[in-house]
$ cat model32.cif   # mmCIF, C-alpha atoms and all ligand atoms
data_start
#
loop_
_atom_site.label_atom_id
_atom_site.label_comp_id
_atom_site.auth_asym_id
_atom_site.auth_seq_id
_atom_site.Cartn_x
_atom_site.Cartn_y
_atom_site.Cartn_z
CA MET A 1 -1.41 2.30 -14.74
CA ILE A 2 0.06 1.40 -11.37
CA THR A 3 2.85 3.22 -9.57
CA ILE A 4 6.42 1.96 -9.45
CA GLU A 5 6.16 1.59 -5.65
CA HIS A 6 2.99 -0.44 -5.90
CA ALA A 7 4.42 -2.77 -8.55
CA LEU A 8 7.62 -3.25 -6.54
CA THR A 9 5.69 -4.06 -3.37
CA LEU A 10 3.57 -6.63 -5.20
CA ILE A 11 6.73 -8.18 -6.65
CA LEU A 12 8.71 -8.28 -3.41
CA ASN A 13 5.75 -9.83 -1.55
CA ASN A 14 6.30 -12.87 -3.77
CA ILE A 15 10.06 -13.19 -3.37
CA LYS A 16 11.53 -15.46 -0.72
CA VAL A 17 15.12 -15.65 0.47
CA GLY A 18 16.79 -18.60 -1.25
CA PRO A 19 18.24 -21.72 0.37
CA SER A 20 21.71 -21.83 1.87
CA THR A 21 24.76 -23.70 0.65
CA VAL A 22 28.42 -24.02 1.53
CA VAL A 23 30.97 -22.40 -0.79
CA ASP A 24 34.71 -21.73 -0.84
CA ALA A 25 35.37 -18.52 1.03
CA CYS A 26 37.10 -17.20 -2.11
CA ASP A 27 33.86 -17.60 -4.09
CA ALA A 28 31.69 -15.84 -1.52
CA LEU A 29 32.15 -12.23 -2.63
CA GLY A 30 28.82 -10.41 -2.74
CA LEU A 31 26.88 -13.26 -1.11
CA VAL A 32 25.21 -13.17 2.31
CA PHE A 33 26.17 -15.17 5.41
CA ALA A 34 23.55 -17.80 6.19
CA GLU A 35 24.89 -18.28 9.72
CA ASP A 36 27.07 -16.49 12.27
CA ALA A 37 30.76 -17.31 12.09
CA ARG A 38 32.48 -17.40 15.49
CA ALA A 39 36.20 -17.11 16.04
CA ARG A 40 37.69 -20.33 17.39
CA ASN A 41 40.83 -18.50 18.50
CA ASN A 42 42.01 -15.05 19.41
CA ILE A 43 43.11 -12.86 16.52
CA PRO A 44 45.96 -12.11 16.69
CA PRO A 45 46.73 -15.39 18.43
CA PHE A 46 49.65 -14.00 20.49
CA ASP A 47 51.01 -10.67 21.73
CA ASN A 48 53.23 -9.32 18.96
CA SER A 49 55.17 -6.29 17.92
CA ALA A 50 53.38 -3.61 15.90
CA MET A 51 56.67 -2.12 14.71
CA ASP A 52 60.26 -2.97 13.87
CA GLY A 53 62.35 -2.08 16.91
CA TYR A 54 63.41 -3.43 20.29
CA ALA A 55 61.36 -5.12 22.97
CA VAL A 56 62.21 -3.52 26.30
CA ARG A 57 61.01 -2.95 29.81
CA SER A 58 59.37 0.44 29.63
CA ALA A 59 60.80 1.39 33.05
CA ASP A 60 64.29 1.15 31.53
CA THR A 61 63.53 3.96 29.08
CA ARG A 62 62.36 6.49 31.64
CA GLY A 63 63.99 9.86 30.94
CA ALA A 64 65.58 8.68 27.68
CA SER A 65 66.09 11.38 25.03
CA PRO A 66 68.49 12.02 22.14
CA ARG A 67 70.63 14.04 24.55
CA SER A 68 70.66 11.45 27.30
CA PRO A 69 70.05 8.06 25.74
CA VAL A 70 69.58 4.95 27.83
CA ILE A 71 71.99 2.13 27.06
CA LEU A 72 70.63 -1.43 26.96
CA GLN A 73 72.39 -4.72 26.17
CA LEU A 74 71.21 -6.61 23.08
CA LEU A 75 69.75 -9.96 24.18
CA GLU A 76 68.74 -11.65 20.91
CA ASP A 77 67.06 -11.09 17.53
CA VAL A 78 63.45 -12.21 16.86
CA PRO A 79 62.20 -11.99 13.26
CA ALA A 80 58.50 -12.54 12.43
CA GLY A 81 57.64 -16.23 12.47
CA HIS A 82 60.31 -17.05 15.06
CA LEU A 83 60.04 -17.40 18.82
CA PRO A 84 62.04 -15.51 21.45
CA LYS A 85 64.30 -17.93 23.31
CA LYS A 86 65.15 -15.70 26.25
CA THR A 87 63.24 -13.89 28.95
CA LEU A 88 64.03 -10.20 29.00
CA GLY A 89 65.35 -8.71 32.21
CA LEU A 90 66.02 -5.12 33.27
CA GLY A 91 68.78 -3.50 31.25
CA TRP A 92 68.23 -5.66 28.16
CA ALA A 93 66.64 -5.21 24.74
CA THR A 94 65.49 -7.85 22.22
CA LYS A 95 65.62 -6.86 18.57
CA ILE A 96 62.14 -7.55 17.19
CA MET A 97 60.40 -7.29 13.83
CA THR A 98 56.76 -6.41 13.12
CA GLY A 99 54.55 -9.42 13.84
CA ALA A 100 57.12 -11.29 15.95
CA PRO A 101 56.03 -12.58 19.37
CA VAL A 102 56.89 -10.27 22.28
CA PRO A 103 59.43 -11.92 24.58
CA ARG A 104 58.51 -12.70 28.16
CA GLY A 105 59.57 -9.87 30.46
CA ALA A 106 59.15 -7.12 27.83
CA ASP A 107 56.26 -4.67 28.15
CA ALA A 108 56.89 -2.24 25.26
CA ILE A 109 58.55 -1.90 21.89
CA ILE A 110 60.78 1.06 21.13
CA ILE A 111 60.72 1.78 17.41
CA VAL A 112 63.96 1.35 15.49
CA GLU A 113 63.95 5.05 14.50
CA ASP A 114 64.41 6.00 18.19
CA THR A 115 67.43 3.75 18.65
CA GLU A 116 70.98 3.17 17.54
CA GLU A 117 72.54 -0.26 17.70
CA LYS A 118 76.30 -0.86 17.77
CA ASP A 119 78.52 -3.65 19.08
CA GLY A 120 75.82 -5.44 21.04
CA VAL A 121 74.55 -2.26 22.66
CA VAL A 122 71.26 -0.44 21.96
CA ARG A 123 71.03 3.29 22.62
CA CYS A 124 67.41 4.29 23.28
CA CYS A 125 66.71 7.97 22.55
CA ALA A 126 63.05 8.09 23.60
CA GLU A 127 60.74 6.92 26.36
CA VAL A 128 58.20 4.23 25.69
CA LYS A 129 55.10 3.65 27.76
CA ARG A 130 53.97 0.28 29.06
CA GLY A 131 52.19 -1.55 26.25
CA GLU A 132 53.37 0.81 23.54
CA ASN A 133 53.59 -0.78 20.07
CA ILE A 134 52.38 -4.15 21.35
CA ARG A 135 49.39 -5.74 19.64
CA ARG A 136 47.64 -7.85 22.24
CA SER A 137 46.36 -11.33 21.59
CA GLY A 138 42.65 -11.02 20.77
CA GLU A 139 42.71 -7.25 20.29
CA ASP A 140 41.17 -7.70 16.83
CA VAL A 141 38.78 -10.57 17.58
CA ARG A 142 38.26 -12.52 20.84
CA LYS A 143 37.84 -16.27 20.85
CA GLY A 144 34.11 -17.04 20.59
CA GLU A 145 33.17 -13.62 19.20
CA ALA A 146 30.56 -13.78 16.41
CA VAL A 147 32.33 -11.19 14.32
CA LEU A 148 30.69 -12.31 11.05
CA ARG A 149 26.91 -12.18 11.28
CA LYS A 150 24.14 -14.03 9.54
CA GLY A 151 22.43 -11.70 7.07
CA ASN A 152 25.49 -9.54 6.42
CA SER A 153 27.03 -9.24 2.97
CA ILE A 154 30.45 -10.65 2.23
CA ARG A 155 32.88 -8.01 1.09
CA PRO A 156 36.63 -8.41 0.61
CA GLN A 157 37.18 -7.59 4.29
CA GLU A 158 34.81 -10.38 5.36
CA MET A 159 36.75 -12.76 3.07
CA GLY A 160 39.95 -11.69 4.82
CA MET A 161 38.33 -12.17 8.23
CA LEU A 162 37.18 -15.67 7.27
CA ALA A 163 40.77 -16.52 6.38
CA ALA A 164 42.06 -15.01 9.64
CA MET A 165 39.54 -17.24 11.44
CA GLY A 166 40.80 -20.30 9.58
CA ARG A 167 37.61 -20.79 7.60
CA THR A 168 38.03 -21.78 3.99
CA ARG A 169 34.36 -22.74 3.51
CA VAL A 170 31.36 -20.67 4.46
CA ARG A 171 27.60 -21.13 4.56
CA VAL A 172 25.88 -18.53 2.42
CA ILE A 173 22.56 -17.92 0.71
CA ARG A 174 22.90 -19.65 -2.63
CA ARG A 175 23.57 -17.58 -5.73
CA PRO A 176 20.25 -17.62 -7.68
CA ARG A 177 20.39 -18.93 -11.24
CA VAL A 178 18.59 -16.46 -13.47
CA ALA A 179 17.35 -17.57 -16.89
CA ILE A 180 17.48 -14.95 -19.62
CA LEU A 181 15.36 -15.32 -22.75
CA ALA A 182 14.95 -12.83 -25.59
CA THR A 183 11.81 -13.00 -27.72
CA GLY A 184 11.21 -11.77 -31.24
CA ASP A 185 11.26 -13.09 -34.81
CA GLU A 186 13.49 -10.21 -35.80
CA LEU A 187 16.32 -11.16 -33.46
CA ILE A 188 19.58 -12.83 -34.42
CA PRO A 189 22.59 -13.70 -32.25
CA PRO A 190 25.25 -10.98 -31.93
CA ASP A 191 27.79 -12.87 -34.03
CA ARG A 192 25.52 -12.89 -37.10
CA ILE A 193 25.11 -10.26 -39.79
CA PRO A 194 21.55 -8.91 -39.82
CA GLY A 195 19.51 -9.68 -42.92
CA PRO A 196 16.55 -7.55 -43.98
CA GLY A 197 14.36 -6.73 -41.00
CA GLN A 198 16.70 -8.35 -38.50
CA VAL A 199 18.47 -6.87 -35.47
CA ARG A 200 21.04 -8.34 -33.14
CA ASN A 201 19.84 -9.51 -29.75
CA CYS A 202 21.53 -7.12 -27.37
CA ASN A 203 19.19 -7.54 -24.41
CA ASN A 204 20.58 -10.89 -23.32
CA HIS A 205 24.06 -9.50 -23.03
CA SER A 206 22.83 -6.49 -21.09
CA LEU A 207 20.92 -8.81 -18.78
CA VAL A 208 23.88 -11.15 -18.31
CA GLY A 209 25.86 -8.13 -17.15
CA LEU A 210 23.07 -6.88 -14.91
CA VAL A 211 22.60 -10.29 -13.27
CA LYS A 212 26.35 -10.67 -12.75
CA LYS A 213 26.47 -7.22 -11.17
CA CYS A 214 24.00 -8.55 -8.57
CA ASN A 215 26.40 -11.46 -7.93
CA ALA A 216 23.76 -13.88 -9.20
CA GLU A 217 24.36 -16.45 -11.95
CA PRO A 218 22.99 -15.69 -15.42
CA VAL A 219 21.86 -18.52 -17.69
CA ASP A 220 21.60 -17.20 -21.24
CA LEU A 221 18.92 -19.18 -23.08
CA GLY A 222 19.17 -17.25 -26.31
CA ILE A 223 16.26 -16.20 -28.48
CA ALA A 224 12.71 -17.51 -28.69
CA PRO A 225 10.73 -16.70 -31.85
CA ASP A 226 7.25 -15.18 -31.73
CA ASP A 227 5.71 -18.64 -31.84
CA SER A 228 3.61 -19.93 -28.97
CA ALA A 229 4.82 -23.54 -29.08
CA LYS A 230 8.50 -22.64 -29.27
CA LEU A 231 8.18 -19.97 -26.61
CA HIS A 232 6.39 -22.48 -24.44
CA ALA A 233 9.23 -25.02 -24.78
CA GLN A 234 11.93 -22.46 -24.02
CA LEU A 235 10.09 -21.09 -21.01
CA ARG A 236 9.69 -24.63 -19.66
CA GLU A 237 13.46 -25.03 -19.89
CA ALA A 238 13.91 -21.67 -18.21
CA ALA A 239 11.75 -22.78 -15.27
CA ALA A 240 14.61 -25.04 -14.12
CA CYS A 241 16.30 -21.84 -12.90
CA ASP A 242 15.41 -19.83 -9.78
CA MET A 243 14.12 -16.86 -11.74
CA ILE A 244 13.22 -16.13 -15.36
CA ILE A 245 13.66 -12.88 -17.23
CA THR A 246 12.26 -12.47 -20.72
CA SER A 247 12.49 -9.39 -22.88
CA GLY A 248 10.11 -8.30 -25.59
CA GLY A 249 6.65 -9.50 -26.42
CA VAL A 250 4.83 -8.01 -23.44
CA SER A 251 3.11 -5.02 -25.02
CA VAL A 252 -0.21 -4.92 -26.79
CA GLY A 253 0.82 -6.12 -30.28
CA GLU A 254 -0.62 -9.22 -31.90
CA HIS A 255 2.75 -10.99 -31.73
CA ASP A 256 3.35 -10.13 -28.10
CA LEU A 257 2.92 -13.69 -26.93
CA VAL A 258 4.82 -13.79 -23.64
CA LYS A 259 1.80 -12.94 -21.48
CA LYS A 260 -0.42 -15.43 -23.24
CA VAL A 261 2.09 -18.30 -23.13
CA LEU A 262 2.95 -17.74 -19.48
CA ALA A 263 -0.74 -17.74 -18.61
CA GLU A 264 -1.21 -20.98 -20.60
CA MET A 265 1.65 -22.53 -18.66
CA GLY A 266 -0.33 -21.97 -15.50
CA ALA A 267 1.73 -19.06 -14.27
CA LYS A 268 -0.06 -16.71 -11.95
CA MET A 269 0.68 -13.55 -13.85
CA LYS A 270 0.16 -9.86 -13.32
CA PHE A 271 0.40 -7.61 -16.33
CA TRP A 272 0.91 -4.02 -15.57
CA GLN A 273 1.27 -0.70 -17.21
CA VAL A 274 3.68 0.89 -14.82
CA CYS A 275 3.67 4.65 -14.54
CA MET A 276 7.24 5.08 -15.75
CA LYS A 277 9.20 5.94 -18.85
CA PRO A 278 10.97 3.99 -20.20
CA GLY A 279 9.59 0.60 -19.20
CA LYS A 280 5.83 0.98 -19.13
CA PRO A 281 4.75 -2.61 -19.89
CA LEU A 282 5.77 -5.18 -17.30
CA ALA A 283 4.68 -8.73 -16.63
CA PHE A 284 5.39 -10.47 -13.35
CA GLY A 285 4.26 -13.77 -11.98
CA LEU A 286 5.21 -17.14 -10.61
CA ILE A 287 5.72 -20.31 -12.60
CA ARG A 288 5.90 -23.31 -10.27
CA GLY A 289 6.86 -20.89 -7.54
CA LYS A 290 9.65 -19.30 -9.62
CA PRO A 291 9.39 -15.58 -10.25
CA VAL A 292 9.09 -14.61 -13.91
CA PHE A 293 9.68 -11.11 -15.22
CA GLY A 294 8.44 -10.21 -18.67
CA LEU A 295 10.39 -7.06 -19.48
CA PRO A 296 9.69 -4.86 -22.48
CA GLY A 297 11.84 -5.36 -25.56
CA ASN A 298 13.45 -2.01 -26.10
CA PRO A 299 17.09 -2.15 -25.01
CA VAL A 300 16.88 0.85 -22.66
CA SER A 301 13.56 -0.25 -21.16
CA VAL A 302 15.11 -3.64 -20.37
CA ILE A 303 17.93 -2.12 -18.37
CA VAL A 304 15.81 0.45 -16.56
CA SER A 305 13.07 -2.08 -15.72
CA PHE A 306 15.71 -4.50 -14.48
CA GLU A 307 17.19 -1.86 -12.21
CA ILE A 308 13.83 -0.83 -10.78
CA PHE A 309 12.12 -4.23 -10.40
CA VAL A 310 14.38 -7.20 -11.04
CA ARG A 311 17.48 -6.16 -9.16
CA PRO A 312 15.62 -5.70 -5.85
CA ALA A 313 13.99 -9.10 -6.36
CA ILE A 314 17.32 -10.82 -6.99
CA LEU A 315 18.87 -9.09 -3.99
CA ARG A 316 15.98 -10.19 -1.78
CA MET A 317 16.45 -13.80 -2.98
CA MET A 318 20.11 -13.50 -2.07
CA GLY A 319 19.20 -12.42 1.45
CA LYS A 320 20.39 -8.83 1.09
CA LYS A 321 19.00 -6.24 3.47
CA ARG A 322 19.40 -3.22 1.26
CA LEU A 323 17.52 -3.59 -2.01
CA ASP A 324 17.39 -0.08 -3.43
CA ARG A 325 20.07 1.95 -5.05
CA PRO A 326 20.96 5.14 -3.23
CA LEU A 327 19.66 8.34 -4.79
CA ILE A 328 22.05 11.23 -4.84
CA THR A 329 21.31 14.89 -5.36
CA ALA A 330 22.93 16.45 -8.41
CA ILE A 331 22.88 19.81 -10.11
CA LEU A 332 21.18 19.57 -13.48
CA GLU A 333 23.36 20.90 -16.28
CA LYS A 334 20.67 21.22 -18.95
CA ARG A 335 16.96 22.00 -18.93
CA ILE A 336 14.58 19.04 -19.33
CA GLU A 337 10.90 19.21 -20.26
CA LYS A 338 8.43 16.38 -20.04
CA PRO A 339 4.66 15.84 -19.90
CA ALA A 340 3.06 15.25 -16.49
CA ASP A 341 2.32 11.67 -17.49
CA ARG A 342 4.73 9.28 -15.78
CA VAL A 343 7.94 9.12 -13.77
CA HIS A 344 10.77 9.64 -16.25
CA PHE A 345 14.23 8.15 -15.90
CA ILE A 346 16.54 10.41 -17.89
CA ARG A 347 19.89 8.90 -18.66
CA ALA A 348 22.68 11.17 -17.54
CA LYS A 349 26.40 11.44 -17.20
CA VAL A 350 27.22 12.23 -13.59
CA CYS A 351 30.46 13.95 -12.61
CA LEU A 352 31.72 15.04 -9.24
CA LYS A 353 32.88 18.66 -9.32
CA GLY A 354 34.46 19.49 -5.98
CA THR A 355 31.96 18.07 -3.50
CA ARG A 356 28.92 18.35 -5.77
CA TYR A 357 27.47 16.00 -8.31
CA HIS A 358 26.51 17.41 -11.69
CA ALA A 359 24.21 15.54 -14.07
CA SER A 360 24.07 16.06 -17.84
CA PRO A 361 21.43 14.25 -19.91
CA THR A 362 23.11 12.04 -22.51
CA GLY A 363 21.16 13.19 -25.56
CA PRO A 364 18.17 11.58 -27.28
CA GLN A 365 16.15 9.59 -24.78
CA GLY A 366 14.22 7.10 -26.93
CA SER A 367 13.82 3.67 -25.34
CA GLY A 368 15.72 2.17 -28.28
CA ILE A 369 18.68 4.53 -27.88
CA LEU A 370 21.05 2.31 -25.93
CA LYS A 371 23.83 4.84 -26.39
CA SER A 372 21.99 7.06 -23.89
CA LEU A 373 23.05 4.53 -21.23
CA VAL A 374 26.49 3.94 -22.68
CA MET A 375 27.30 7.63 -22.35
CA GLY A 376 26.40 7.87 -18.65
CA GLY A 377 25.94 5.93 -15.46
CA GLY A 378 23.04 7.75 -13.80
CA LEU A 379 19.27 8.02 -14.12
CA ILE A 380 17.74 11.40 -13.30
CA VAL A 381 14.41 10.62 -11.64
CA LEU A 382 11.72 13.15 -12.57
CA PRO A 383 8.41 12.67 -10.71
CA LYS A 384 5.19 12.17 -12.60
CA ALA A 385 3.80 15.66 -12.02
CA LYS A 386 7.01 17.49 -12.87
CA THR A 387 7.07 19.09 -16.32
CA VAL A 388 10.21 21.22 -16.24
CA ALA A 389 13.59 20.82 -14.58
CA LYS A 390 15.72 23.89 -15.12
CA ALA A 391 19.47 24.01 -15.55
CA GLY A 392 21.05 24.58 -12.12
CA GLU A 393 18.15 22.90 -10.32
CA LYS A 394 18.79 20.03 -7.89
CA VAL A 395 17.55 16.67 -9.13
CA ALA A 396 17.53 13.16 -7.69
CA VAL A 397 19.75 10.71 -9.54
CA MET A 398 19.85 6.96 -9.24
CA MET A 399 23.46 5.90 -9.66
CA LEU A 400 23.84 2.75 -11.69
CA ASP A 401 27.59 3.22 -11.74
CA PRO A 402 29.92 5.47 -9.77
CA ALA A 403 30.28 9.07 -10.89
CA GLU A 404 32.80 9.73 -13.63
CA GLU A 405 35.73 12.09 -12.99
P1 LIG A 501 8.65 -5.74 -28.37
O1 LIG A 501 8.41 -5.34 -26.96
O2 LIG A 501 8.86 -7.19 -28.55
O3 LIG A 501 7.62 -5.17 -29.28
O4 LIG A 501 10.03 -5.05 -28.80
C1 LIG A 501 10.17 -3.65 -28.80
C2 LIG A 501 11.37 -3.25 -29.60
O5 LIG A 501 12.54 -3.76 -28.99
C3 LIG A 501 11.39 -3.76 -31.00
O6 LIG A 501 11.93 -2.78 -31.83
C4 LIG A 501 12.32 -4.94 -30.95
O7 LIG A 501 12.94 -5.23 -32.17
C5 LIG A 501 13.31 -4.50 -29.92
N1 LIG A 501 13.86 -5.66 -29.24
C6 LIG A 501 13.17 -6.61 -28.61
N2 LIG A 501 13.99 -7.53 -28.08
C7 LIG A 501 15.24 -7.14 -28.39
C8 LIG A 501 16.53 -7.68 -28.12
N3 LIG A 501 16.66 -8.80 -27.44
N4 LIG A 501 17.60 -7.02 -28.58
C9 LIG A 501 17.44 -5.89 -29.30
N5 LIG A 501 16.27 -5.32 -29.55
C10 LIG A 501 15.16 -5.94 -29.14
MG MG A 502 8.73 -8.49 -30.11
#
$ encode --input "model32.cif" --output "structure tokens"
Amino acid sequence: MITIEHALTLILNNIKVGPSTVVDACDALGLVFAEDARARNNIPPFDNSAMDGYAVRSADTRGASPRSPVILQLLEDVPAGHLPKKTLGLGWATKIMTGAPVPRGADAIIIVEDTEEKDGVVRCCAEVKRGENIRRSGEDVRKGEAVLRKGNSIRPQEMGMLAAMGRTRVRVIRRPRVAILATGDELIPPDRIPGPGQVRNCNNHSLVGLVKKCNAEPVDLGIAPDDSAKLHAQLREAAACDMIITSGGVSVGEHDLVKKVLAEMGAKMKFWQVCMKPGKPLAFGLIRGKPVFGLPGNPVSVIVSFEIFVRPAILRMMGKKRLDRPLITAILEKRIEKPADRVHFIRAKVCLKGTRYHASPTGPQGSGILKSLVMGGGLIVLPKAKTVAKAGEKVAVMMLDPAEE
């Protein structure tokens, strides 16, 4: 058996960052910039008011208070999207809305709450300092600044910044296409009623969701029977994608054909027993340079193995810097016992109570008990040598989803 860390290192050593492509900025969420994006103009492009109020000369407001207001003459009204027509002189005020250009001659905005306007006269009841409530041209981003950097992930705020910079297209690392293939004579599609000995293929749907969560593109290739020739044909089709994930057929049974067929196809394969539970059997290799993961068949093993091995590989292909999921520390709600055999991933419901996370195991932990993952979004990680974790003890939890409550 090899360790999780060792298997992951061997996998990641074979994963290269994918090629770049240009996409609509609106489709770039979760992808990685393949080049720096420089601002061609200042943002904001012009000095503008940060508040609704009056543009003034700050010197005019010196000593102003509710008791002794300063009286200014109203010069004009500038809503957002309109230009001031007049230069402001001493003793004058221009009514201005948030986002409207600051008139020439003004050096501050007095907020509307500190004024009273009547009959063309503005009473200012507070002092304003030079520059107050003015957003300067370029105060967000200067012309030429490389505010969006190659290698960084695109979040909603980066999408907004692209728009502010006038970029509707962006060069990113291409979304990998990930082929998903279930194997097993017993499997039927989810819309069919199982006959004797049959079960619905649930792994493909789990994997579609997992791949989508990585912002990669799943390609569901359905079910391959436990038949070498058919498996061969379906894997050949799968090799058109950037990565292949199979489930089932990688353990030691007579009908576990995935390893054999991949090897026949010329794939350089590694077959491991990884020191973890669930998810002990794992196949990994390259088929014409494309990474192939042979995951175990049990529905929980599929998801856990994906999280530990496939997700980091997809993220690396996508150019992401951070590949691991953060571990949090949680207080264990219920005692767990295990043999000192492997690392165990115990499915748990994680709640935030005050400032502390609490983790409760979600019941029976068999690798076929998918409900154990439905009932919680965390995996308690118990090291190989650990045999008992007591209630109240601190444990490390890998968060697959945010804490509930
Ligand atoms: P295997 O690794 O092929 O021996 O499969 C282990 C267990 O997982 C068996 O009980 C299979 O029926 C089950 N299994 C395999 N693939 C799937 C799947 N796609 N959906 C649901 N169960 C599966
Ligand atoms: Mg099988």
$ closest_residue --input "model32.cif" --among "A:His255, A:His358, A:Lys390, A:Lys230" --to "ligand MG 502 (chain A)" --atoms "only C-alpha atoms and all ligand atoms"
A:His255
$ residues_near_ligand --input "model32.cif" --ligand "ligand LIG 501 (chain A)" --cutoff "7 Å" --atoms "only C-alpha atoms and all ligand atoms" --output "ChimeraX atom specification"
/A:182-184,186-187,199-204,247-251,253,256,296-299,368
$ atom_distance --input "model32.cif" --atom1 "atom CA of Gly91 of chain A" --atom2 "atom CA of Asp60 of chain A"
6.5 Å
$ residues_around --input "model32.cif" --residues "segment 69-82 of chain A" --least-positions-apart "3" --cutoff "10 Å" --atoms "only C-alpha atoms" --output "JSON, numbers by chain"
{"A": [48, 49, 52, 54, 55, 56, 60, 61, 62, 63, 64, 65, 66, 85, 86, 87, 88, 89, 90, 91, 92, 93, 94, 95, 96, 97, 98, 99, 100, 101, 102, 103, 114, 115, 116, 117, 118, 119, 120, 121, 122, 123, 124, 125, 126, 127]}
$ closest_residue --input "model32.cif" --among "A:Glu132, A:Asp185, A:Glu264, A:Asp401" --to "Pro225 of chain A" --atoms "all atoms listed in the file"
A:Asp185
$ atom_distance --input "model32.cif" --atom1 "atom CA of Lys16 of chain A" --atom2 "atom CA of Gly378 of chain A"
29.0 Å
$ closest_residue --input "model32.cif" --among "A:Gly294, A:Pro190, A:Gly354, A:Pro402" --to "ligand MG 502 (chain A)" --atoms "all atoms listed in the file"
A:Gly294
$ residues_around --input "model32.cif" --residues "segment 138-144 of chain A" --least-positions-apart "2" --cutoff "12 Å" --atoms "only C-alpha atoms" --output "list in words"
Asp36, Ala37, Arg38, Ala39, Arg40, Asn41, Asn42, Ile43, Pro44, Pro45, Phe46, Asp47, Asn48, Ile134, Arg135, Arg136, Ala146, Val147, Leu148, Met161, Leu162, Ala164 and Met165 of chain A
$ write_last_selection --input "model32.cif" --atoms "C-alpha atoms" --output "CSV table (one decimal), keeping the file's coordinate frame"
chain,number,residue,atom,x,y,z
A,36,ASP,CA,27.1,-16.5,12.3
A,37,ALA,CA,30.8,-17.3,12.1
A,38,ARG,CA,32.5,-17.4,15.5
A,39,ALA,CA,36.2,-17.1,16.0
A,40,ARG,CA,37.7,-20.3,17.4
A,41,ASN,CA,40.8,-18.5,18.5
A,42,ASN,CA,42.0,-15.0,19.4
A,43,ILE,CA,43.1,-12.9,16.5
A,44,PRO,CA,46.0,-12.1,16.7
A,45,PRO,CA,46.7,-15.4,18.4
A,46,PHE,CA,49.6,-14.0,20.5
A,47,ASP,CA,51.0,-10.7,21.7
A,48,ASN,CA,53.2,-9.3,19.0
A,134,ILE,CA,52.4,-4.2,21.4
A,135,ARG,CA,49.4,-5.7,19.6
A,136,ARG,CA,47.6,-7.8,22.2
A,146,ALA,CA,30.6,-13.8,16.4
A,147,VAL,CA,32.3,-11.2,14.3
A,148,LEU,CA,30.7,-12.3,11.0
A,161,MET,CA,38.3,-12.2,8.2
A,162,LEU,CA,37.2,-15.7,7.3
A,164,ALA,CA,42.1,-15.0,9.6
A,165,MET,CA,39.5,-17.2,11.4
$ atom_distance --input "model32.cif" --atom1 "atom CA of Ser305 of chain A" --atom2 "atom CA of Ile331 of chain A"
24.6 Å
$ residues_around --input "model32.cif" --residues "Arg174 of chain A" --least-positions-apart "2" --cutoff "10 Å" --atoms "only C-alpha atoms" --output "PyMOL selection string"
chain A and resi 17-23+28+31-34+171-172+176-177+216-217+317-319
$ residues_around --input "model32.cif" --residues "Leu210 of chain A" --least-positions-apart "2" --cutoff "12 Å" --atoms "only C-alpha atoms" --output "PyMOL selection string"
chain A and resi 178+180+203-208+212-218+245+302-308+310-312+314-315+400-401
$ closest_residue --input "model32.cif" --among "A:Lys349, A:Lys259, A:Arg167, A:His6" --to "ligand MG 502 (chain A)" --atoms "all atoms listed in the file"
A:Lys259
$ build_atoms --input "model32.cif" --residues "segment 255-262 of chain A" --atoms "N, CA, C and O atoms" --output "PDB file, in the frame of the given file"
ATOM      1  N   HIS A 255       1.712  -9.968 -31.868  1.00  0.00           N
ATOM      2  CA  HIS A 255       2.750 -10.990 -31.730  1.00  0.00           C
ATOM      3  C   HIS A 255       3.407 -10.943 -30.351  1.00  0.00           C
ATOM      4  O   HIS A 255       4.441 -11.559 -30.148  1.00  0.00           O
ATOM      5  N   ASP A 256       2.819 -10.189 -29.461  1.00  0.00           N
ATOM      6  CA  ASP A 256       3.350 -10.130 -28.100  1.00  0.00           C
ATOM      7  C   ASP A 256       2.773 -11.298 -27.306  1.00  0.00           C
ATOM      8  O   ASP A 256       1.727 -11.198 -26.667  1.00  0.00           O
ATOM      9  N   LEU A 257       3.487 -12.417 -27.383  1.00  0.00           N
ATOM     10  CA  LEU A 257       2.920 -13.690 -26.930  1.00  0.00           C
ATOM     11  C   LEU A 257       3.311 -14.076 -25.506  1.00  0.00           C
ATOM     12  O   LEU A 257       2.786 -15.045 -24.964  1.00  0.00           O
ATOM     13  N   VAL A 258       4.258 -13.348 -24.922  1.00  0.00           N
ATOM     14  CA  VAL A 258       4.820 -13.790 -23.640  1.00  0.00           C
ATOM     15  C   VAL A 258       3.724 -13.933 -22.579  1.00  0.00           C
ATOM     16  O   VAL A 258       3.634 -14.946 -21.887  1.00  0.00           O
ATOM     17  N   LYS A 259       2.868 -12.914 -22.492  1.00  0.00           N
ATOM     18  CA  LYS A 259       1.800 -12.940 -21.480  1.00  0.00           C
ATOM     19  C   LYS A 259       0.912 -14.145 -21.667  1.00  0.00           C
ATOM     20  O   LYS A 259       0.610 -14.886 -20.724  1.00  0.00           O
ATOM     21  N   LYS A 260       0.506 -14.351 -22.916  1.00  0.00           N
ATOM     22  CA  LYS A 260      -0.420 -15.430 -23.240  1.00  0.00           C
ATOM     23  C   LYS A 260       0.214 -16.795 -22.909  1.00  0.00           C
ATOM     24  O   LYS A 260      -0.405 -17.636 -22.250  1.00  0.00           O
ATOM     25  N   VAL A 261       1.446 -16.987 -23.338  1.00  0.00           N
ATOM     26  CA  VAL A 261       2.090 -18.300 -23.130  1.00  0.00           C
ATOM     27  C   VAL A 261       2.312 -18.565 -21.647  1.00  0.00           C
ATOM     28  O   VAL A 261       2.074 -19.679 -21.157  1.00  0.00           O
ATOM     29  N   LEU A 262       2.744 -17.543 -20.920  1.00  0.00           N
ATOM     30  CA  LEU A 262       2.950 -17.740 -19.480  1.00  0.00           C
ATOM     31  C   LEU A 262       1.630 -18.112 -18.807  1.00  0.00           C
ATOM     32  O   LEU A 262       1.589 -19.010 -17.957  1.00  0.00           O
TER      33      LEU A 262
END
